file target28.pdb (PDB, C-alpha atoms)
ATOM      1  CA  ARG A   1      -9.569   1.862 -21.153  1.00  0.00           C
ATOM      2  CA  GLY A   2      -5.812   1.294 -21.264  1.00  0.00           C
ATOM      3  CA  PRO A   3      -3.692   0.502 -24.325  1.00  0.00           C
ATOM      4  CA  ALA A   4      -4.107  -3.272 -23.866  1.00  0.00           C
ATOM      5  CA  GLY A   5      -7.840  -3.072 -23.288  1.00  0.00           C
ATOM      6  CA  GLY A   6      -7.584  -3.162 -19.492  1.00  0.00           C
ATOM      7  CA  ARG A   7      -9.255  -0.592 -17.291  1.00  0.00           C
ATOM      8  CA  ARG A   8      -7.014   2.260 -16.229  1.00  0.00           C
ATOM      9  CA  GLY A   9      -6.730   3.234 -12.592  1.00  0.00           C
ATOM     10  CA  ALA A  10      -8.461   6.315 -11.278  1.00  0.00           C
ATOM     11  CA  SER A  11      -5.105   8.134 -11.053  1.00  0.00           C
ATOM     12  CA  GLU A  12      -4.179   7.470 -14.688  1.00  0.00           C
ATOM     13  CA  ARG A  13      -5.065   9.827 -17.521  1.00  0.00           C
ATOM     14  CA  ARG A  14      -4.148   9.428 -21.190  1.00  0.00           C
ATOM     15  CA  ARG A  15      -4.472  11.905 -24.049  1.00  0.00           C
ATOM     16  CA  GLN A  16      -3.003  12.550 -27.468  1.00  0.00           C
ATOM     17  CA  GLY A  17      -0.594  15.446 -27.790  1.00  0.00           C
ATOM     18  CA  PRO A  18       2.313  16.636 -29.927  1.00  0.00           C
ATOM     19  CA  GLY A  19       4.190  13.674 -31.355  1.00  0.00           C
ATOM     20  CA  GLY A  20       2.111  10.952 -29.756  1.00  0.00           C
ATOM     21  CA  TRP A  21       0.358   9.917 -26.570  1.00  0.00           C
ATOM     22  CA  TRP A  22       0.979  11.401 -23.151  1.00  0.00           C
ATOM     23  CA  TRP A  23      -0.166   9.679 -20.003  1.00  0.00           C
ATOM     24  CA  ARG A  24      -0.283  10.609 -16.351  1.00  0.00           C
ATOM     25  CA  ARG A  25      -0.124   8.120 -13.533  1.00  0.00           C
ATOM     26  CA  GLY A  26       0.848   8.554  -9.916  1.00  0.00           C
ATOM     27  CA  GLY A  27       1.498  12.291 -10.310  1.00  0.00           C
ATOM     28  CA  VAL A  28       4.121  11.947 -13.086  1.00  0.00           C
ATOM     29  CA  GLN A  29       3.547  12.773 -16.736  1.00  0.00           C
ATOM     30  CA  VAL A  30       5.639  10.711 -19.140  1.00  0.00           C
ATOM     31  CA  LYS A  31       6.330  10.717 -22.841  1.00  0.00           C
ATOM     32  CA  SER A  32       8.819   8.632 -24.791  1.00  0.00           C
ATOM     33  CA  THR A  33      10.380  10.129 -27.916  1.00  0.00           C
ATOM     34  CA  ALA A  34      13.153   8.970 -30.212  1.00  0.00           C
ATOM     35  CA  GLY A  35      16.406   9.188 -28.279  1.00  0.00           C
ATOM     36  CA  ALA A  36      14.867  10.896 -25.259  1.00  0.00           C
ATOM     37  CA  LEU A  37      12.969   9.951 -22.151  1.00  0.00           C
ATOM     38  CA  MET A  38      10.754  12.786 -20.900  1.00  0.00           C
ATOM     39  CA  LEU A  39       9.223  13.194 -17.470  1.00  0.00           C
ATOM     40  CA  CYS A  40       7.216  16.230 -16.432  1.00  0.00           C
ATOM     41  CA  ALA A  41       6.617  17.390 -12.895  1.00  0.00           C
ATOM     42  CA  SER A  42       3.163  16.851 -11.457  1.00  0.00           C
ATOM     43  CA  GLY A  43       2.161  20.466 -12.149  1.00  0.00           C
ATOM     44  CA  CYS A  44       3.032  20.306 -15.844  1.00  0.00           C
ATOM     45  CA  ARG A  45      -0.065  20.476 -17.993  1.00  0.00           C
ATOM     46  CA  ILE A  46       1.153  21.807 -21.360  1.00  0.00           C
ATOM     47  CA  PRO A  47       3.848  19.833 -23.259  1.00  0.00           C
ATOM     48  CA  LEU A  48       5.590  22.055 -25.792  1.00  0.00           C
ATOM     49  CA  GLN A  49       5.779  21.137 -29.471  1.00  0.00           C
ATOM     50  CA  GLU A  50       9.560  20.684 -29.289  1.00  0.00           C
ATOM     51  CA  GLY A  51       9.284  18.610 -26.098  1.00  0.00           C
ATOM     52  CA  GLY A  52       9.499  19.499 -22.438  1.00  0.00           C
ATOM     53  CA  CYS A  53       7.030  21.383 -20.266  1.00  0.00           C
ATOM     54  CA  ASP A  54       5.591  24.860 -20.231  1.00  0.00           C
ATOM     55  CA  THR A  55       7.459  26.206 -17.195  1.00  0.00           C
ATOM     56  CA  ALA A  56       4.696  28.733 -16.579  1.00  0.00           C
ATOM     57  CA  VAL A  57       2.529  25.929 -15.247  1.00  0.00           C
ATOM     58  CA  ALA A  58       5.138  23.345 -14.205  1.00  0.00           C
ATOM     59  CA  ASP A  59       6.123  22.593 -10.631  1.00  0.00           C
ATOM     60  CA  THR A  60       9.655  23.442  -9.542  1.00  0.00           C
ATOM     61  CA  GLY A  61      12.384  21.053 -10.620  1.00  0.00           C
ATOM     62  CA  PRO A  62      14.283  20.288 -13.814  1.00  0.00           C
ATOM     63  CA  THR A  63      12.448  20.128 -17.109  1.00  0.00           C
ATOM     64  CA  PRO A  64      12.967  17.030 -19.299  1.00  0.00           C
ATOM     65  CA  SER A  65      15.449  18.898 -21.493  1.00  0.00           C
ATOM     66  CA  GLU A  66      17.631  19.479 -18.417  1.00  0.00           C
ATOM     67  CA  ARG A  67      17.741  15.805 -17.456  1.00  0.00           C
ATOM     68  CA  SER A  68      20.620  13.554 -18.463  1.00  0.00           C
ATOM     69  CA  TRP A  69      19.681   9.869 -18.301  1.00  0.00           C
ATOM     70  CA  VAL A  70      22.411   7.254 -17.993  1.00  0.00           C
ATOM     71  CA  SER A  71      20.447   4.009 -17.538  1.00  0.00           C
ATOM     72  CA  VAL A  72      16.920   2.613 -17.761  1.00  0.00           C
ATOM     73  CA  SER A  73      15.269  -0.611 -16.584  1.00  0.00           C
ATOM     74  CA  ALA A  74      11.816  -1.819 -17.635  1.00  0.00           C
ATOM     75  CA  GLY A  75       9.866  -4.531 -15.836  1.00  0.00           C
ATOM     76  CA  GLY A  76       6.415  -6.048 -15.882  1.00  0.00           C
ATOM     77  CA  LEU A  77       4.379  -3.067 -14.658  1.00  0.00           C
ATOM     78  CA  SER A  78       6.942  -0.317 -14.066  1.00  0.00           C
ATOM     79  CA  THR A  79       9.966   1.420 -15.541  1.00  0.00           C
ATOM     80  CA  CYS A  80      12.793   3.213 -13.749  1.00  0.00           C
ATOM     81  CA  ALA A  81      15.615   5.396 -15.038  1.00  0.00           C
ATOM     82  CA  ARG A  82      18.670   6.976 -13.443  1.00  0.00           C
ATOM     83  CA  GLU A  83      20.104  10.414 -14.102  1.00  0.00           C
ATOM     84  CA  ASP A  84      23.796  11.272 -14.070  1.00  0.00           C
ATOM     85  CA  ASP A  85      23.405  12.950 -10.670  1.00  0.00           C
ATOM     86  CA  GLY A  86      22.049   9.755  -9.086  1.00  0.00           C
ATOM     87  CA  THR A  87      18.377  10.731  -9.149  1.00  0.00           C
ATOM     88  CA  ILE A  88      16.117   7.769  -9.889  1.00  0.00           C
ATOM     89  CA  ALA A  89      12.603   8.198 -11.262  1.00  0.00           C
ATOM     90  CA  CYS A  90      10.097   5.351 -11.584  1.00  0.00           C
ATOM     91  CA  TRP A  91       6.697   5.393 -13.268  1.00  0.00           C
ATOM     92  CA  GLY A  92       3.898   2.958 -13.910  1.00  0.00           C
ATOM     93  CA  ASP A  93       2.777   0.754 -11.030  1.00  0.00           C
ATOM     94  CA  LEU A  94       5.703   2.055  -8.936  1.00  0.00           C
ATOM     95  CA  ALA A  95       5.652   5.851  -9.220  1.00  0.00           C
ATOM     96  CA  VAL A  96       8.485   7.003  -6.943  1.00  0.00           C
ATOM     97  CA  SER A  97      11.525   9.257  -6.865  1.00  0.00           C
ATOM     98  CA  ASP A  98      14.724   8.170  -5.126  1.00  0.00           C
ATOM     99  CA  GLU A  99      18.512   8.313  -5.311  1.00  0.00           C
ATOM    100  CA  GLY A 100      21.082   5.596  -5.846  1.00  0.00           C
ATOM    101  CA  ALA A 101      23.930   4.122  -7.866  1.00  0.00           C
ATOM    102  CA  ASP A 102      21.852   1.638  -9.893  1.00  0.00           C
ATOM    103  CA  VAL A 103      18.286   0.365 -10.275  1.00  0.00           C
ATOM    104  CA  ALA A 104      16.552  -2.669 -11.736  1.00  0.00           C
ATOM    105  CA  VAL A 105      12.864  -3.507 -12.154  1.00  0.00           C
ATOM    106  CA  GLY A 106      11.096  -6.864 -11.879  1.00  0.00           C
ATOM    107  CA  TYR A 107       7.471  -7.765 -12.436  1.00  0.00           C
ATOM    108  CA  GLN A 108       5.968  -5.845  -9.508  1.00  0.00           C
ATOM    109  CA  HIS A 109       9.028  -4.675  -7.603  1.00  0.00           C
ATOM    110  CA  ALA A 110      12.214  -2.657  -8.063  1.00  0.00           C
ATOM    111  CA  CYS A 111      15.536  -2.657  -6.232  1.00  0.00           C
ATOM    112  CA  ILE A 112      17.882   0.308  -5.896  1.00  0.00           C
ATOM    113  CA  ILE A 113      21.560   0.047  -5.045  1.00  0.00           C
ATOM    114  CA  GLY A 114      22.381   2.909  -2.679  1.00  0.00           C
ATOM    115  CA  VAL A 115      25.564   4.954  -2.808  1.00  0.00           C
ATOM    116  CA  THR A 116      26.994   2.733  -0.051  1.00  0.00           C
ATOM    117  CA  GLY A 117      26.230  -0.405  -2.062  1.00  0.00           C
ATOM    118  CA  ALA A 118      23.317  -1.507   0.130  1.00  0.00           C
ATOM    119  CA  PRO A 119      20.258  -2.592  -1.879  1.00  0.00           C
ATOM    120  CA  ARG A 120      16.732  -1.549  -0.912  1.00  0.00           C
ATOM    121  CA  CYS A 121      13.601  -2.669  -2.678  1.00  0.00           C
ATOM    122  CA  ILE A 122      10.112  -1.290  -3.207  1.00  0.00           C
ATOM    123  CA  GLY A 123       6.877  -2.871  -4.372  1.00  0.00           C
ATOM    124  CA  ARG A 124       5.663  -6.407  -3.954  1.00  0.00           C
ATOM    125  CA  ASP A 125       7.394  -8.598  -1.379  1.00  0.00           C
ATOM    126  CA  ASP A 126       5.110 -11.559  -0.646  1.00  0.00           C
ATOM    127  CA  PRO A 127       7.675 -14.263  -1.568  1.00  0.00           C
ATOM    128  CA  GLY A 128      10.563 -12.142  -0.269  1.00  0.00           C
ATOM    129  CA  GLN A 129      11.803 -10.602  -3.522  1.00  0.00           C
ATOM    130  CA  GLY A 130      11.850  -7.191  -1.854  1.00  0.00           C
ATOM    131  CA  ALA A 131      13.878  -8.236   1.194  1.00  0.00           C
ATOM    132  CA  PRO A 132      17.636  -8.363   0.431  1.00  0.00           C
ATOM    133  CA  PRO A 133      19.876 -10.082   2.989  1.00  0.00           C
ATOM    134  CA  ASP A 134      20.919  -7.950   5.956  1.00  0.00           C
ATOM    135  CA  GLY A 135      24.332  -6.345   5.558  1.00  0.00           C
ATOM    136  CA  LEU A 136      24.556  -7.039   1.833  1.00  0.00           C
ATOM    137  CA  THR A 137      26.574  -4.674  -0.344  1.00  0.00           C
ATOM    138  CA  ALA A 138      26.412  -5.265  -4.068  1.00  0.00           C
ATOM    139  CA  THR A 139      26.300  -3.810  -7.569  1.00  0.00           C
ATOM    140  CA  ALA A 140      24.375  -4.560 -10.762  1.00  0.00           C
ATOM    141  CA  PRO A 141      20.936  -5.659  -9.514  1.00  0.00           C
ATOM    142  CA  ALA A 142      18.984  -8.117 -11.677  1.00  0.00           C
ATOM    143  CA  LEU A 143      15.289  -8.760 -11.015  1.00  0.00           C
ATOM    144  CA  GLY A 144      12.994 -11.495 -12.270  1.00  0.00           C
ATOM    145  CA  GLY A 145       9.333 -12.267 -11.841  1.00  0.00           C
ATOM    146  CA  ALA A 146       9.438 -12.834  -8.084  1.00  0.00           C
ATOM    147  CA  HIS A 147      13.132 -13.030  -7.281  1.00  0.00           C
ATOM    148  CA  SER A 148      16.064 -10.642  -7.100  1.00  0.00           C
ATOM    149  CA  CYS A 149      19.816 -11.006  -7.540  1.00  0.00           C
ATOM    150  CA  ALA A 150      22.844  -8.714  -7.509  1.00  0.00           C
ATOM    151  CA  LEU A 151      26.539  -8.950  -8.227  1.00  0.00           C
ATOM    152  CA  ARG A 152      28.831  -8.755  -5.212  1.00  0.00           C
ATOM    153  CA  ASP A 153      32.437  -7.554  -5.201  1.00  0.00           C
ATOM    154  CA  ALA A 154      33.627 -11.089  -4.472  1.00  0.00           C
ATOM    155  CA  ALA A 155      32.137 -12.146  -7.846  1.00  0.00           C
ATOM    156  CA  SER A 156      29.338 -13.998  -6.095  1.00  0.00           C
ATOM    157  CA  VAL A 157      25.643 -13.619  -6.911  1.00  0.00           C
ATOM    158  CA  PRO A 158      23.378 -13.438  -3.851  1.00  0.00           C
ATOM    159  CA  CYS A 159      19.695 -13.933  -4.711  1.00  0.00           C
ATOM    160  CA  TRP A 160      16.502 -13.677  -2.683  1.00  0.00           C
ATOM    161  CA  GLY A 161      12.781 -14.218  -3.208  1.00  0.00           C
ATOM    162  CA  ARG A 162      10.893 -17.146  -4.749  1.00  0.00           C
ATOM    163  CA  ALA A 163      12.978 -20.293  -5.154  1.00  0.00           C
ATOM    164  CA  ARG A 164      10.529 -22.851  -6.566  1.00  0.00           C
ATOM    165  CA  ALA A 165      12.668 -23.427  -9.662  1.00  0.00           C
ATOM    166  CA  SER A 166      16.072 -23.124  -7.915  1.00  0.00           C
ATOM    167  CA  GLN A 167      16.546 -19.704  -9.532  1.00  0.00           C
ATOM    168  CA  LEU A 168      18.317 -18.458  -6.378  1.00  0.00           C
ATOM    169  CA  THR A 169      21.243 -20.913  -6.427  1.00  0.00           C
ATOM    170  CA  PRO A 170      24.107 -20.062  -8.811  1.00  0.00           C
ATOM    171  CA  ASP A 171      26.374 -22.887  -9.896  1.00  0.00           C
ATOM    172  CA  PRO A 172      29.249 -22.328  -9.356  1.00  0.00           C
ATOM    173  CA  PRO A 173      28.659 -19.914  -6.457  1.00  0.00           C
ATOM    174  CA  THR A 174      31.448 -17.463  -7.451  1.00  0.00           C
ATOM    175  CA  GLY A 175      33.371 -16.230 -10.476  1.00  0.00           C
ATOM    176  CA  TRP A 176      30.690 -14.067 -12.081  1.00  0.00           C
ATOM    177  CA  THR A 177      31.175 -10.745 -13.855  1.00  0.00           C
ATOM    178  CA  ALA A 178      27.535 -10.046 -14.790  1.00  0.00           C
ATOM    179  CA  VAL A 179      24.077 -11.372 -13.915  1.00  0.00           C
ATOM    180  CA  ALA A 180      20.607 -11.223 -15.482  1.00  0.00           C
ATOM    181  CA  ALA A 181      17.280 -12.558 -14.203  1.00  0.00           C
ATOM    182  CA  GLY A 182      14.266 -13.883 -16.100  1.00  0.00           C
ATOM    183  CA  TRP A 183      10.788 -14.879 -15.005  1.00  0.00           C
ATOM    184  CA  ARG A 184      11.908 -18.005 -13.106  1.00  0.00           C
ATOM    185  CA  ASN A 185      15.565 -18.354 -14.054  1.00  0.00           C
ATOM    186  CA  THR A 186      18.872 -16.525 -13.668  1.00  0.00           C
ATOM    187  CA  CYS A 187      21.956 -16.389 -15.902  1.00  0.00           C
ATOM    188  CA  GLY A 188      25.493 -15.271 -15.174  1.00  0.00           C
ATOM    189  CA  LEU A 189      28.532 -14.377 -17.254  1.00  0.00           C
ATOM    190  CA  ASP A 190      31.833 -15.686 -15.882  1.00  0.00           C
ATOM    191  CA  ALA A 191      35.430 -14.490 -16.233  1.00  0.00           C
ATOM    192  CA  ASP A 192      35.961 -16.875 -19.170  1.00  0.00           C
ATOM    193  CA  GLN A 193      33.121 -15.104 -21.034  1.00  0.00           C
ATOM    194  CA  SER A 194      30.931 -18.188 -20.766  1.00  0.00           C
ATOM    195  CA  ILE A 195      27.250 -18.118 -19.763  1.00  0.00           C
ATOM    196  CA  SER A 196      25.668 -20.429 -17.213  1.00  0.00           C
ATOM    197  CA  CYS A 197      22.029 -20.394 -16.113  1.00  0.00           C
ATOM    198  CA  TRP A 198      20.062 -21.862 -13.249  1.00  0.00           C
ATOM    199  CA  GLY A 199      16.353 -22.180 -12.564  1.00  0.00           C
ATOM    200  CA  ASP A 200      13.430 -22.993 -14.830  1.00  0.00           C
ATOM    201  CA  ASP A 201      14.428 -24.545 -18.160  1.00  0.00           C
ATOM    202  CA  SER A 202      11.008 -25.628 -19.439  1.00  0.00           C
ATOM    203  CA  ASP A 203      11.512 -23.719 -22.714  1.00  0.00           C
ATOM    204  CA  GLY A 204      15.277 -23.998 -22.895  1.00  0.00           C
ATOM    205  CA  GLN A 205      15.812 -20.559 -21.339  1.00  0.00           C
ATOM    206  CA  SER A 206      18.481 -21.928 -18.995  1.00  0.00           C
ATOM    207  CA  SER A 207      20.400 -23.823 -21.710  1.00  0.00           C
ATOM    208  CA  PRO A 208      22.675 -21.240 -23.363  1.00  0.00           C
ATOM    209  CA  PRO A 209      24.838 -22.064 -26.395  1.00  0.00           C
ATOM    210  CA  ALA A 210      28.105 -23.758 -25.520  1.00  0.00           C
ATOM    211  CA  GLY A 211      31.374 -21.883 -25.684  1.00  0.00           C
ATOM    212  CA  GLY A 212      32.734 -18.523 -24.632  1.00  0.00           C
ATOM    213  CA  GLY A 213      33.251 -15.140 -26.166  1.00  0.00           C
ATOM    214  CA  TRP A 214      30.146 -13.557 -24.671  1.00  0.00           C
ATOM    215  CA  THR A 215      30.344  -9.996 -23.461  1.00  0.00           C
TER     216      THR A 215
END
call {"tool": "encode", "arguments": {"input": "target28.pdb", "output": "structure tokens"}}
result
Amino acid sequence: RGPAGGRRGASERRRQGPGGWWWRRGGVQVKSTAGALMLCASGCRIPLQEGGCDTAVADTGPTPSERSWVSVSAGGLSTCAREDDGTIACWGDLAVSDEGADVAVGYQHACIIGVTGAPRCIGRDDPGQGAPPDGLTATAPALGGAHSCALRDAASVPCWGRARASQLTPDPPTGWTAVAAGWRNTCGLDADQSISCWGDDSDGQSSPPAGGGWT
């Protein structure tokens, strides 16, 4: 059974090794260590004591020690990270490899900003969270439970997906410098370093402290 007591999928294997637990799911072997994020190719079977893979049994490709991670995003059932060369690796429910300029993970979906600025999404899409508007170019994706947003060059925040709590409608529509998405709400940072939120506020999550100075 899995760490939380749930049943693991047939493709997932977990065992204890040097420095902690290793697990394999979707053909990727992953281990998290202090200050490092390690991924082994699907052929890697023997993690070395000092970290990395025994290259005698590993598939071709860079070993973890050769990777240089620049960003990471964790969601409900998956995690994705980006290397300095633009390679994106995801593990968990979404076990994929891709390329792009940025990546963000929601509950059961992830969106990647391509080198041209066009977002593309993978995973669940039943309320439309995986279907960005046609022709959109953006940066800084932000994903929630079942909705997605991104920051556009014009300082606007286009959002798509589930809209039951009005989490897709920024107010005001422009003037944003950063955006973040929660389960059913979205928050933006404006040029005056003030935070505004829209969407579900049942627990006060869309009522930020008054004033500016946020970075």
call {"tool": "atom_distance", "arguments": {"input": "target28.pdb", "atom1": "atom CA of Leu151 of chain A", "atom2": "atom CA of Val179 of chain A"}}
result
6.7 Å
call {"tool": "residues_around", "arguments": {"input": "target28.pdb", "residues": "Gln193 of chain A", "least_positions_apart": "6", "cutoff": "10 Å", "atoms": "only C-alpha atoms", "output": "PyMOL selection string"}}
result
chain A and resi 176-178+211-215
call {"tool": "resolve_selection", "arguments": {"input": "target28.pdb", "expression": "the PyMOL selection byres ((chain A and resi 81-85) around 10)", "output": "list of chain:residue names"}}
result
A:Leu37, A:Arg67, A:Ser68, A:Trp69, A:Val70, A:Ser71, A:Val72, A:Ser73, A:Ala74, A:Thr79, A:Cys80, A:Gly86, A:Thr87, A:Ile88, A:Ala89, A:Cys90, A:Trp91, A:Ser97, A:Asp98, A:Glu99, A:Gly100, A:Ala101, A:Asp102, A:Val103, A:Ala104, A:Val105
call {"tool": "write_last_selection", "arguments": {"input": "target28.pdb", "atoms": "C-alpha atoms", "output": "PDB file, in the coordinates of the input"}}
result
ATOM      1  CA  LEU A  37      12.969   9.951 -22.151  1.00  0.00           C
ATOM      2  CA  ARG A  67      17.741  15.805 -17.456  1.00  0.00           C
ATOM      3  CA  SER A  68      20.620  13.554 -18.463  1.00  0.00           C
ATOM      4  CA  TRP A  69      19.681   9.869 -18.301  1.00  0.00           C
ATOM      5  CA  VAL A  70      22.411   7.254 -17.993  1.00  0.00           C
ATOM      6  CA  SER A  71      20.447   4.009 -17.538  1.00  0.00           C
ATOM      7  CA  VAL A  72      16.920   2.613 -17.761  1.00  0.00           C
ATOM      8  CA  SER A  73      15.269  -0.611 -16.584  1.00  0.00           C
ATOM      9  CA  ALA A  74      11.816  -1.819 -17.635  1.00  0.00           C
ATOM     10  CA  THR A  79       9.966   1.420 -15.541  1.00  0.00           C
ATOM     11  CA  CYS A  80      12.793   3.213 -13.749  1.00  0.00           C
ATOM     12  CA  GLY A  86      22.049   9.755  -9.086  1.00  0.00           C
ATOM     13  CA  THR A  87      18.377  10.731  -9.149  1.00  0.00           C
ATOM     14  CA  ILE A  88      16.117   7.769  -9.889  1.00  0.00           C
ATOM     15  CA  ALA A  89      12.603   8.198 -11.262  1.00  0.00           C
ATOM     16  CA  CYS A  90      10.097   5.351 -11.584  1.00  0.00           C
ATOM     17  CA  TRP A  91       6.697   5.393 -13.268  1.00  0.00           C
ATOM     18  CA  SER A  97      11.525   9.257  -6.865  1.00  0.00           C
ATOM     19  CA  ASP A  98      14.724   8.170  -5.126  1.00  0.00           C
ATOM     20  CA  GLU A  99      18.512   8.313  -5.311  1.00  0.00           C
ATOM     21  CA  GLY A 100      21.082   5.596  -5.846  1.00  0.00           C
ATOM     22  CA  ALA A 101      23.930   4.122  -7.866  1.00  0.00           C
ATOM     23  CA  ASP A 102      21.852   1.638  -9.893  1.00  0.00           C
ATOM     24  CA  VAL A 103      18.286   0.365 -10.275  1.00  0.00           C
ATOM     25  CA  ALA A 104      16.552  -2.669 -11.736  1.00  0.00           C
ATOM     26  CA  VAL A 105      12.864  -3.507 -12.154  1.00  0.00           C
TER      27      VAL A 105
END
call {"tool": "closest_residue", "arguments": {"input": "target28.pdb", "among": "A:Gln108, A:Gly114, A:Pro173, A:Ala142", "to": "Ser196 of chain A", "atoms": "all atoms listed in the file"}}
result
A:Pro173
call {"tool": "closest_residue", "arguments": {"input": "target28.pdb", "among": "A:Ile122, A:Ile195, A:Leu143, A:Ala154", "to": "Tyr107 of chain A", "atoms": "all atoms listed in the file"}}
result
A:Leu143
call {"tool": "atom_distance", "arguments": {"input": "target28.pdb", "atom1": "atom CA of Asp126 of chain A", "atom2": "atom CA of Asp171 of chain A"}}
result
25.8 Å
call {"tool": "resolve_selection", "arguments": {"input": "target28.pdb", "expression": "the PyMOL selection byres ((chain A and resi 144) around 7)", "output": "list in words"}}
result
Gly106, Tyr107, Ala142, Leu143, Gly145, Ala146, His147, Ser148, Ala181, Gly182, Trp183 and Arg184 of chain A
call {"tool": "residues_around", "arguments": {"input": "target28.pdb", "residues": "segment 132-135 of chain A", "least_positions_apart": "4", "cutoff": "8 Å", "atoms": "all atoms listed in the file", "output": "ChimeraX atom specification"}}
result
/A:118-121,159-160
